[in-house]
Every structure is written in C-alpha cells, then in structure tokens.
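Novice: Just protein38.txt, nothing more (compact mmCIF, C-alpha atoms and all ligand atoms):
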```
# COMPACT_ATOMS: atom_id res chain seq x y z
CA MET A 1 5.42 -21.64 20.32
CA PRO A 2 5.52 -18.91 17.63
CA ASN A 3 7.44 -19.71 14.48
CA ALA A 4 10.89 -18.27 15.24
CA ARG A 5 11.47 -17.55 11.55
CA MET A 6 8.57 -15.08 11.27
CA ARG A 7 10.60 -12.18 12.56
CA PHE A 8 8.13 -9.48 11.46
CA ASP A 9 4.78 -10.94 12.42
CA GLY A 10 2.31 -8.12 13.14
CA LYS A 11 4.75 -5.50 11.80
CA VAL A 12 4.35 -3.13 8.86
CA ALA A 13 7.31 -2.42 6.58
CA LEU A 14 7.42 0.46 4.09
CA ILE A 15 9.90 0.16 1.21
CA THR A 16 10.69 2.98 -1.19
CA GLY A 17 11.85 1.75 -4.56
CA GLY A 18 10.12 -1.52 -3.72
CA ASN A 19 9.00 -2.34 -7.26
CA ALA A 20 12.45 -3.33 -8.62
CA GLY A 21 15.90 -4.60 -7.77
CA ILE A 22 17.01 -4.53 -4.15
CA GLY A 23 13.73 -3.05 -2.88
CA LEU A 24 11.71 -5.76 -4.59
CA ALA A 25 13.87 -8.47 -3.03
CA ALA A 26 13.46 -6.80 0.36
CA GLY A 27 9.67 -6.70 -0.08
CA HIS A 28 9.57 -10.43 -0.71
CA ALA A 29 11.89 -11.07 2.25
CA PHE A 30 9.90 -8.92 4.70
CA ALA A 31 6.61 -10.45 3.56
CA GLY A 32 8.13 -13.91 3.87
CA GLN A 33 8.90 -13.09 7.49
CA GLY A 34 5.35 -12.04 8.31
CA ALA A 35 5.43 -8.27 7.66
CA LYS A 36 2.70 -6.39 5.85
CA VAL A 37 4.60 -4.58 3.13
CA MET A 38 3.82 -1.16 1.62
CA ILE A 39 5.67 -0.76 -1.65
CA ALA A 40 6.32 2.80 -2.84
CA ALA A 41 7.78 3.87 -6.19
CA ARG A 42 6.76 5.80 -9.32
CA ARG A 43 5.98 3.00 -11.80
CA SER A 44 2.58 1.58 -10.92
CA ALA A 45 2.56 -1.45 -13.24
CA GLU A 46 5.78 -2.77 -11.66
CA GLY A 47 4.45 -1.92 -8.19
CA GLU A 48 1.19 -3.78 -8.71
CA GLN A 49 3.14 -6.71 -10.16
CA ALA A 50 5.30 -6.83 -7.02
CA VAL A 51 2.16 -6.83 -4.86
CA ALA A 52 0.61 -9.63 -6.92
CA GLU A 53 3.75 -11.76 -6.53
CA ILE A 54 3.83 -11.24 -2.75
CA LEU A 55 0.12 -12.06 -2.43
CA GLN A 56 0.62 -15.18 -4.54
CA ALA A 57 3.40 -16.27 -2.19
CA GLY A 58 0.98 -15.95 0.74
CA GLY A 59 2.14 -12.56 2.00
CA GLU A 60 0.39 -9.25 2.46
CA ALA A 61 1.30 -6.12 0.47
CA ALA A 62 0.01 -2.96 -1.17
CA PHE A 63 1.42 -0.38 -3.55
CA VAL A 64 1.35 3.41 -3.42
CA ALA A 65 2.60 5.47 -6.35
CA THR A 66 5.24 7.78 -4.91
CA ASP A 67 7.89 10.22 -6.02
CA VAL A 68 10.29 10.54 -3.08
CA THR A 69 11.54 13.93 -4.29
CA SER A 70 8.13 15.46 -3.51
CA SER A 71 7.15 16.28 0.07
CA ALA A 72 3.44 15.97 -0.74
CA SER A 73 4.01 12.58 -2.35
CA VAL A 74 6.06 11.28 0.59
CA GLN A 75 3.42 12.47 3.05
CA ALA A 76 0.75 10.73 0.95
CA MET A 77 2.91 7.57 0.94
CA VAL A 78 3.04 7.44 4.73
CA ALA A 79 -0.68 8.29 4.98
CA ALA A 80 -1.50 5.46 2.54
CA CYS A 81 0.51 3.02 4.64
CA ILE A 82 -1.37 4.01 7.80
CA ALA A 83 -4.75 3.96 6.02
CA ARG A 84 -4.08 0.49 4.67
CA PHE A 85 -2.21 -1.25 7.50
CA GLY A 86 -2.84 0.97 10.54
CA ARG A 87 0.77 1.44 11.68
CA LEU A 88 4.39 1.73 10.62
CA ASP A 89 7.21 -0.20 12.28
CA VAL A 90 9.97 -0.50 9.72
CA ALA A 91 11.10 1.63 6.79
CA PHE A 92 13.63 0.73 4.12
CA ASN A 93 14.46 3.99 2.36
CA ASN A 94 15.95 2.46 -0.74
CA ALA A 95 14.83 4.49 -3.78
CA GLY A 96 17.86 5.78 -5.63
CA ILE A 97 19.29 6.61 -9.03
CA PRO A 98 22.89 6.51 -10.32
CA GLY A 99 22.80 9.63 -12.49
CA ASP A 100 25.72 9.98 -14.84
CA VAL A 101 28.52 7.54 -13.97
CA THR A 102 30.75 8.22 -16.96
CA THR A 103 31.77 11.87 -16.73
CA ASP A 104 34.48 13.79 -14.88
CA ILE A 105 33.17 16.72 -12.86
CA ALA A 106 34.32 19.45 -15.26
CA ASP A 107 32.11 17.97 -17.98
CA ALA A 108 29.25 16.88 -15.72
CA ASP A 109 25.74 18.22 -16.13
CA GLU A 110 24.32 20.40 -13.33
CA ASP A 111 20.75 19.17 -13.82
CA THR A 112 21.91 15.58 -13.31
CA PHE A 113 23.60 16.61 -10.07
CA GLU A 114 20.33 18.19 -8.86
CA ARG A 115 18.33 15.10 -9.85
CA VAL A 116 20.67 12.67 -8.05
CA MET A 117 20.58 14.81 -4.93
CA ALA A 118 16.79 15.13 -5.11
CA VAL A 119 16.17 11.38 -5.22
CA ASN A 120 19.08 10.01 -3.18
CA VAL A 121 19.38 12.71 -0.50
CA ARG A 122 16.16 14.74 -0.32
CA GLY A 123 14.17 11.53 -0.88
CA VAL A 124 15.73 9.79 2.12
CA TRP A 125 15.50 12.95 4.25
CA LEU A 126 11.80 13.45 3.44
CA SER A 127 11.05 9.78 3.95
CA MET A 128 12.57 9.73 7.44
CA LYS A 129 10.93 13.06 8.32
CA TYR A 130 7.44 11.74 7.66
CA GLU A 131 7.95 8.11 8.69
CA ILE A 132 9.32 8.83 12.14
CA PRO A 133 6.17 10.33 13.72
CA GLU A 134 4.26 7.17 12.74
CA ILE A 135 7.02 4.85 13.97
CA LEU A 136 6.96 6.71 17.29
CA LYS A 137 3.19 6.18 17.47
CA ALA A 138 3.81 2.45 16.99
CA GLY A 139 6.10 2.52 20.05
CA GLY A 140 9.36 2.52 18.10
CA GLY A 141 10.92 0.55 15.29
CA ALA A 142 13.75 0.58 12.81
CA ILE A 143 14.80 2.49 9.73
CA VAL A 144 17.30 1.20 7.19
CA ASN A 145 18.58 3.67 4.61
CA CYS A 146 20.21 2.53 1.40
CA SER A 147 23.66 4.02 0.99
CA SER A 148 26.33 2.22 -1.02
CA PHE A 149 29.99 1.29 -1.05
CA ALA A 150 30.03 4.71 -2.75
CA GLY A 151 29.17 6.16 0.66
CA LEU A 152 32.33 4.67 2.16
CA ARG A 153 34.98 5.69 -0.36
CA GLY A 154 35.56 7.86 -3.40
CA GLY A 155 35.25 6.89 -7.03
CA PRO A 156 35.85 8.55 -10.38
CA ARG A 157 33.26 9.87 -12.86
CA SER A 158 30.23 9.81 -10.58
CA SER A 159 30.92 12.52 -8.00
CA ALA A 160 27.23 13.38 -7.55
CA TYR A 161 26.34 9.76 -6.78
CA TYR A 162 29.25 9.31 -4.37
CA ALA A 163 28.38 12.58 -2.64
CA SER A 164 24.72 11.54 -2.33
CA LYS A 165 25.60 8.21 -0.75
CA HIS A 166 27.98 9.87 1.74
CA ALA A 167 25.07 12.19 2.60
CA VAL A 168 22.84 9.20 3.30
CA LEU A 169 25.35 8.06 5.92
CA GLY A 170 25.49 11.54 7.46
CA MET A 171 21.71 11.62 7.80
CA THR A 172 21.63 8.06 9.11
CA LYS A 173 24.10 8.79 11.91
CA SER A 174 22.49 12.11 12.84
CA VAL A 175 18.93 10.81 12.96
CA ALA A 176 20.10 7.71 14.86
CA LEU A 177 21.40 10.07 17.56
CA GLU A 178 18.18 12.11 17.57
CA TYR A 179 15.95 9.07 18.23
CA ALA A 180 18.33 6.69 20.05
CA ALA A 181 16.54 7.26 23.36
CA ARG A 182 13.10 7.00 21.75
CA ASN A 183 13.32 3.41 20.53
CA ILE A 184 13.97 4.05 16.85
CA ARG A 185 17.18 2.63 15.44
CA VAL A 186 18.48 4.11 12.19
CA ASN A 187 21.10 2.21 10.20
CA ALA A 188 22.35 2.07 6.64
CA VAL A 189 23.16 -0.74 4.30
CA CYS A 190 26.01 -0.18 1.85
CA PRO A 191 25.65 -2.52 -1.12
CA GLY A 192 28.50 -3.20 -3.47
CA LEU A 193 27.87 -4.00 -7.11
CA ILE A 194 24.48 -5.76 -7.15
CA MET A 195 22.84 -7.28 -10.20
CA THR A 196 19.90 -4.93 -10.85
CA ASP A 197 18.73 -2.57 -13.60
CA LEU A 198 20.70 0.20 -11.91
CA ILE A 199 24.06 -1.22 -12.96
CA THR A 200 23.01 -2.41 -16.40
CA SER A 201 21.14 0.74 -17.45
CA GLY A 202 23.95 3.22 -16.70
CA PHE A 203 26.33 2.14 -19.46
CA ALA A 204 26.13 1.97 -23.24
CA ASN A 205 28.34 -1.17 -23.33
CA ALA A 206 26.82 -2.72 -20.19
CA GLN A 207 28.16 -6.30 -20.47
CA GLU A 208 31.74 -5.24 -21.17
CA LYS A 209 31.66 -2.65 -18.37
CA LEU A 210 30.12 -5.16 -15.96
CA ALA A 211 32.89 -7.68 -16.64
CA MET A 212 35.50 -4.98 -15.99
CA LEU A 213 33.83 -3.92 -12.72
CA THR A 214 33.38 -7.52 -11.57
CA ALA A 215 37.09 -8.18 -11.99
CA ARG A 216 37.74 -5.44 -9.40
CA ILE A 217 35.52 -7.03 -6.75
CA PRO A 218 37.62 -9.07 -4.30
CA MET A 219 35.04 -11.90 -4.36
CA GLN A 220 35.11 -11.80 -8.17
CA ARG A 221 31.34 -11.64 -8.56
CA VAL A 222 28.48 -9.19 -8.30
CA GLY A 223 26.03 -9.55 -5.43
CA LEU A 224 22.38 -10.52 -5.61
CA PRO A 225 19.49 -8.31 -4.46
CA GLU A 226 18.53 -11.06 -1.99
CA GLU A 227 21.95 -10.82 -0.32
CA VAL A 228 21.30 -7.14 0.42
CA ALA A 229 17.73 -7.88 1.52
CA ASN A 230 19.05 -10.38 4.10
CA ALA A 231 21.20 -7.65 5.65
CA VAL A 232 18.32 -5.16 5.60
CA LEU A 233 16.07 -7.61 7.44
CA TRP A 234 18.73 -8.18 10.07
CA LEU A 235 19.22 -4.43 10.59
CA ALA A 236 15.43 -3.99 10.89
CA SER A 237 14.95 -6.92 13.27
CA PRO A 238 15.43 -7.25 17.03
CA GLU A 239 18.47 -9.43 16.27
CA SER A 240 20.40 -6.18 15.73
CA SER A 241 18.86 -4.48 18.79
CA PHE A 242 22.08 -2.69 19.87
CA VAL A 243 23.21 -1.77 16.34
CA ASN A 244 22.43 1.91 15.74
CA GLY A 245 23.86 4.54 13.41
CA ALA A 246 25.85 1.85 11.61
CA ALA A 247 26.81 1.52 7.96
CA LEU A 248 26.88 -2.15 7.01
CA PRO A 249 28.79 -3.03 3.83
CA VAL A 250 27.32 -5.86 1.75
CA ASP A 251 29.90 -5.69 -0.99
CA GLY A 252 32.15 -8.74 -1.19
CA ALA A 253 34.97 -6.69 0.43
CA THR A 254 34.86 -3.91 -2.20
CA SER A 255 35.10 -1.15 0.40
CA VAL A 256 37.77 -2.83 2.54
P1 LIG B 1 16.84 -0.23 -9.47
O1 LIG B 1 17.09 0.74 -10.56
O2 LIG B 1 16.55 -1.64 -9.78
O3 LIG B 1 15.73 0.32 -8.47
C1 LIG B 1 15.64 1.66 -8.13
C2 LIG B 1 14.32 1.86 -7.42
O4 LIG B 1 14.18 3.23 -7.03
C3 LIG B 1 13.15 1.54 -8.32
O5 LIG B 1 12.19 0.85 -7.56
C4 LIG B 1 12.62 2.90 -8.72
O6 LIG B 1 11.23 2.82 -9.02
C5 LIG B 1 12.90 3.69 -7.46
N1 LIG B 1 12.94 5.14 -7.67
C6 LIG B 1 13.80 5.84 -8.45
N2 LIG B 1 13.50 7.14 -8.42
C7 LIG B 1 12.44 7.28 -7.58
C8 LIG B 1 11.66 8.36 -7.15
N3 LIG B 1 11.91 9.62 -7.55
N4 LIG B 1 10.64 8.15 -6.28
C9 LIG B 1 10.37 6.89 -5.86
N5 LIG B 1 11.08 5.80 -6.24
C10 LIG B 1 12.09 6.01 -7.09
O7 LIG B 1 18.18 -0.13 -8.58
P2 LIG B 1 18.70 -0.93 -7.30
O8 LIG B 1 17.70 -1.86 -6.77
O9 LIG B 1 20.03 -1.41 -7.65
O10 LIG B 1 18.90 0.31 -6.31
C11 LIG B 1 18.28 0.40 -5.05
C12 LIG B 1 19.18 1.21 -4.14
O11 LIG B 1 20.41 0.53 -3.98
C13 LIG B 1 19.53 2.61 -4.67
O12 LIG B 1 19.49 3.55 -3.63
C14 LIG B 1 20.95 2.43 -5.18
O13 LIG B 1 21.68 3.63 -5.18
C15 LIG B 1 21.47 1.44 -4.17
N6 LIG B 1 22.67 0.72 -4.59
C16 LIG B 1 22.63 -0.13 -5.67
C17 LIG B 1 23.77 -0.77 -6.06
C18 LIG B 1 23.81 -1.71 -7.22
O14 LIG B 1 24.91 -2.10 -7.63
N7 LIG B 1 22.68 -2.10 -7.80
C19 LIG B 1 25.06 -0.56 -5.36
C20 LIG B 1 24.95 0.30 -4.20
C21 LIG B 1 23.80 0.93 -3.86
P3 LIG B 1 10.48 3.82 -10.05
O15 LIG B 1 11.43 4.03 -11.19
O16 LIG B 1 9.23 3.11 -10.41
O17 LIG B 1 10.21 5.06 -9.26
```
Let me see the structure of the file written as structure tokens.
Ligand code: NDP
Specialist:
Amino acid sequence: MPNARMRFDGKVALITGGNAGIGLAAGHAFAGQGAKVMIAARRSAEGEQAVAEILQAGGEAAFVATDVTSSASVQAMVAACIARFGRLDVAFNNAGIPGDVTTDIADADEDTFERVMAVNVRGVWLSMKYEIPEILKAGGGAIVNCSSFAGLRGGPRSSAYYASKHAVLGMTKSVALEYAARNIRVNAVCPGLIMTDLITSGFANAQEKLAMLTARIPMQRVGLPEEVANAVLWLASPESSFVNGAALPVDGATSV
C-alpha cells in the first residue's frame, strides 16, 4: 500500500519566492510529501541553499533564478521546470513584497506603488499565464496564489499592498472560473502576520512594531511559515478536491 502521507508522489511543484520565508517552508513541505520542487526567486545563493537543504532531507529540488515581474523570466522559469522535471502539476505563486507600509496615500511614492503592483499583481498574473498551459498538459492540477489578510480587509498606510492583495483574490476567482471545467483548481491562501523577513524588514523599529501588531492578533501571536505551508499543501492536494476559487485565511482570526 502506498504511504498515505506522501500526498505529492510523482508530482512537480513550482514555488515562486521559494528561497525564503513562507515559500521556503512550502518547498520543504512539498518535498517532504514526495513532490519534486522547482524553487524560483531572484537571489541565487539563497535558492541554492534551499535546494541543498531539501536534497539533504532526502527530497528532490532545483532552483531557477527568476524575476516574476518579467514575462521573459517567468517563461524561462516554467521552461526550466519542464526541462528539469518534465511536467508541472502544482504552482504556489507566493513571491511578494510589502512596499512602503508606513505612509498615508497623500505622501506615498508612485514608484513604490508601481513596484508593489509589478511583483504582487503582474507577477502572479504572469505566473498563472505561463504555468497553466503546462498544468493542462499534465492533465490538470492546482494553483495556490499568495494573497494576505490584506486581501480581505482594509488597512492604513499600505494602500498599494492592500490593493495588490485584493487583486490577487480577483485573479484567483476569475482564473478558477476559466479552468474549473478543465481540471485546474485555483485558490488563494491569506496569511496573517507570519514571522518572516517581510515583517521584520519593513520597519525601522521592528521589534517594537512587531509587539504592537502581535497585540492586535486575536490569538496573541504571529504565525509560523510552516502553518501557512500546511494550508497551501492542503489547497494543492486532492484532499481539497471540491475547493475552488476560495480564499483561505491562515491568520489567527485577524480577518474575522
Ligand atoms: P519574504 O520576504 O521572506 O519572501 C519573499 C519572497 O519573494 C522571497 O523569496 C523573494 O526572493 C521573493 N521575491 C520578491 N520579489 C521577487 C521578484 N521580483 N521575483 C521573484 N521573487 C521575488 O516574505 P514572506 O515569506 O513573508 O512572503 C511571502 C508571501 O506571503 C508574499 O506574497 C507576502 O505578501 C505574503 N504574506 C506575508 C505575510 C507575512 O506576515 N509574512 C502576511 C501576508 C501575506 P528574492 O528576493 O530572492 O527574489
């Protein structure tokens, strides 16, 4: 009898932003469940390190240097995945940046707005656009996009980020409808405050700010990247076979 815990045996999972934080945790989790994992991000040293750790743990993985804002780079990412592993079954479109999270809109910088939209919105859109033909060739599969609790509500001083994460949900629902009858499910995960570089790098007084934000979380703690990865694996697995176009909060009740 096959090991019931190896949910992704024979499957290939592509993870953007897979060299750090939530994406890195997801890479380990997918590999631990039998998937071959293609890690895509810009920083090669961190990407190769992630691959080495997965290999050391007995998994299979490769890295492709990718900038998700570039169509050519995203197409090369998908091509590298096919060249290396021969197919694509699952994609976790997770690469994202916070931009400026400290400024009201009247004082906000237009270039930062463009940058946040380029990575968080165009990056997810391009990724799905070029992943889907390969997932169709594999006979279907699952896409999980990384939105945020910021996709489910408003918040002050980061309007570009909140807008970008709402856009991720709009794309998720629309593309889910486009491919619902063609065996590709498209869902989103909406993390709350998760302990990664993203939340510590955005503030000058990171520890003080973190304590203040943590106090506002109903569960009174930040989440761990692994807790988001668990939800991503469920959304990508047959266990969620009738879940499609959904936005799953993993946020300790922040968005309730
Ligand atoms: P990290 O900063 O730890 O990771 C971000 C990842 O995105 C890195 O792997 C980074 O790699 C990659 N990335 C950034 N820009 C690009 C680009 N242009 N092309 C390719 N890859 C890129 O943050 P998290 O793990 O926390 O964030 C992951 C996702 O989770 C993001 O979408 C974020 O918005 C979302 N999220 C995070 C929350 C949190 O509290 N941490 C809360 C809600 C949502 P590299 O720099 O090498 O390219």
Novice: Closest to Ile22 in chain A among A:Gly155, A:Pro238, A:Gly223, A:Gly245, using only C-alpha atoms?
Specialist: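 Nearest candidate to Ile22 in chain A out of A:Gly155, A:Pro238, A:Gly223, A:Gly245: A:Gly223.
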Novice: Range 44-46 of chain A: which residues within 10 Å, counting only C-alpha atoms, same-chain residues fewer than 6 positions away excluded, as number ranges by chain?
Specialist: A: 18-20, 24, 52, 63-66
Novice: Could you dump the residues just selected with C-alpha atoms as a compact mmCIF listing (two decimals), in the coordinates of the input?
Specialist:
```txt
# COMPACT_ATOMS: atom_id res chain seq x y z
CA GLY A 18 10.12 -1.52 -3.72
CA ASN A 19 9.00 -2.34 -7.26
CA ALA A 20 12.45 -3.33 -8.62
CA LEU A 24 11.71 -5.76 -4.59
CA ALA A 52 0.61 -9.63 -6.92
CA PHE A 63 1.42 -0.38 -3.55
CA VAL A 64 1.35 3.41 -3.42
CA ALA A 65 2.60 5.47 -6.35
CA THR A 66 5.24 7.78 -4.91
```
Novice: Which residues are near Val186 in chain A? Cut-off 8 Å, only C-alpha atoms, ignore same chain within fewer than 4 positions. Put them as a list in words.
Specialist: Ala142, Ile143, Val144, Asn145, Thr172, Lys173, Val175, Ala176, Asn244, Gly245 and Ala246 of chain A
Novice: Using only C-alpha atoms, which residue out of A:Ala61, A:Cys146, A:Val78, A:Ile217 lies closest to Thr254 in chain A?
Specialist: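 Residue with the minimum atom-to-atom distance to Thr254 in chain A: A:Ile217.
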Novice: Hey, which residues come within 7 Å of ligand LIG 1 (chain B) if we count only C-alpha atoms and all ligand atoms? Could you give them as a PyMOL selection string?
Specialist: chain A and resi 16-23+40-44+46+66-69+94-98+119-120+146-150+190-199
Novice: Distance CA of Arg157 in chain A-CA of Ala204 in chain A, one decimal place?
Specialist: 14.9 Å
Novice: Write out as a PDB file with C-alpha atoms, keeping the file's coordinate frame each polymer residue whose atoms come within 8 Å of Ile184 in chain A, counting all atoms listed in the file; drop sequence neighbours fewer than 3 positions from it.
Specialist:
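Wrote out_31.pdb, looks like this:
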```pdb
ATOM      1  CA  ILE A 135       7.020   4.850  13.970  1.00  0.00           C
ATOM      2  CA  LEU A 136       6.960   6.710  17.290  1.00  0.00           C
ATOM      3  CA  GLY A 140       9.360   2.520  18.100  1.00  0.00           C
ATOM      4  CA  GLY A 141      10.920   0.550  15.290  1.00  0.00           C
ATOM      5  CA  ALA A 142      13.750   0.580  12.810  1.00  0.00           C
ATOM      6  CA  ILE A 143      14.800   2.490   9.730  1.00  0.00           C
ATOM      7  CA  ALA A 176      20.100   7.710  14.860  1.00  0.00           C
ATOM      8  CA  TYR A 179      15.950   9.070  18.230  1.00  0.00           C
ATOM      9  CA  ALA A 180      18.330   6.690  20.050  1.00  0.00           C
ATOM     10  CA  ALA A 181      16.540   7.260  23.360  1.00  0.00           C
TER      11      ALA A 181
END
```
Novice: List as a VMD selection string the protein and nucleic acid residues near Ala62 in chain A, meaning an atom at most 8 Å away when only C-alpha atoms are counted, but skip any in the same chain fewer than 3 places from it.
Specialist: chain A and resid 37 to 39 48 51 84
Novice: Please identify every residue of range 22-136 of chain A that has at least one atom no farther than 6 Å from an atom of range 8-11 of chain A, counting all atoms listed in the file, and for each give the shortest atom pair and the distance in Å to one decimal, arranged by chain then increasing number, as JSON lines.
Specialist:
```
{"residue": "A:Gln33", "atom": "CA", "partner": "A:Phe8", "partner_atom": "CA", "distance": 5.4}
{"residue": "A:Gly34", "atom": "CA", "partner": "A:Asp9", "partner_atom": "CA", "distance": 4.3}
{"residue": "A:Ala35", "atom": "CA", "partner": "A:Phe8", "partner_atom": "CA", "distance": 4.8}
{"residue": "A:Asp89", "atom": "CA", "partner": "A:Lys11", "partner_atom": "CA", "distance": 5.9}
```
Novice: As a list in words, please: the residues near range 113-115 of chain A (cut-off 10 Å, all atoms listed in the file, same-chain neighbours under 4 positions excluded).
Specialist: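 Selected residues are Thr69, Ile97, Pro98, Gly99, Asp100, Ile105, Ala108, Asp109, Val119, Asn120, Val121, Arg122, Ser158, Ser159, Ala160, Tyr161, Ala163 and Ser164 of chain A.
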Novice: CA of Gly139 in chain A and CA of Leu88 in chain A are how many Å apart?
Specialist: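 Going from CA of Gly139 in chain A over to CA of Leu88 in chain A covers 9.6 Å.
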Novice: Choose the residue, out of A:Gln49, A:Gln56, A:Met77, A:Ser255, that has the smallest atom-to-atom separation from Leu126 in chain A; count all atoms listed in the file.
Specialist: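 Distance minimum relative to Leu126 in chain A lands on A:Met77.
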Novice: Pick from A:Glu53, A:Glu60, A:Glu239, A:Asp251: nearest to Thr214 in chain A, with all atoms listed in the file counted?
Specialist: A:Asp251
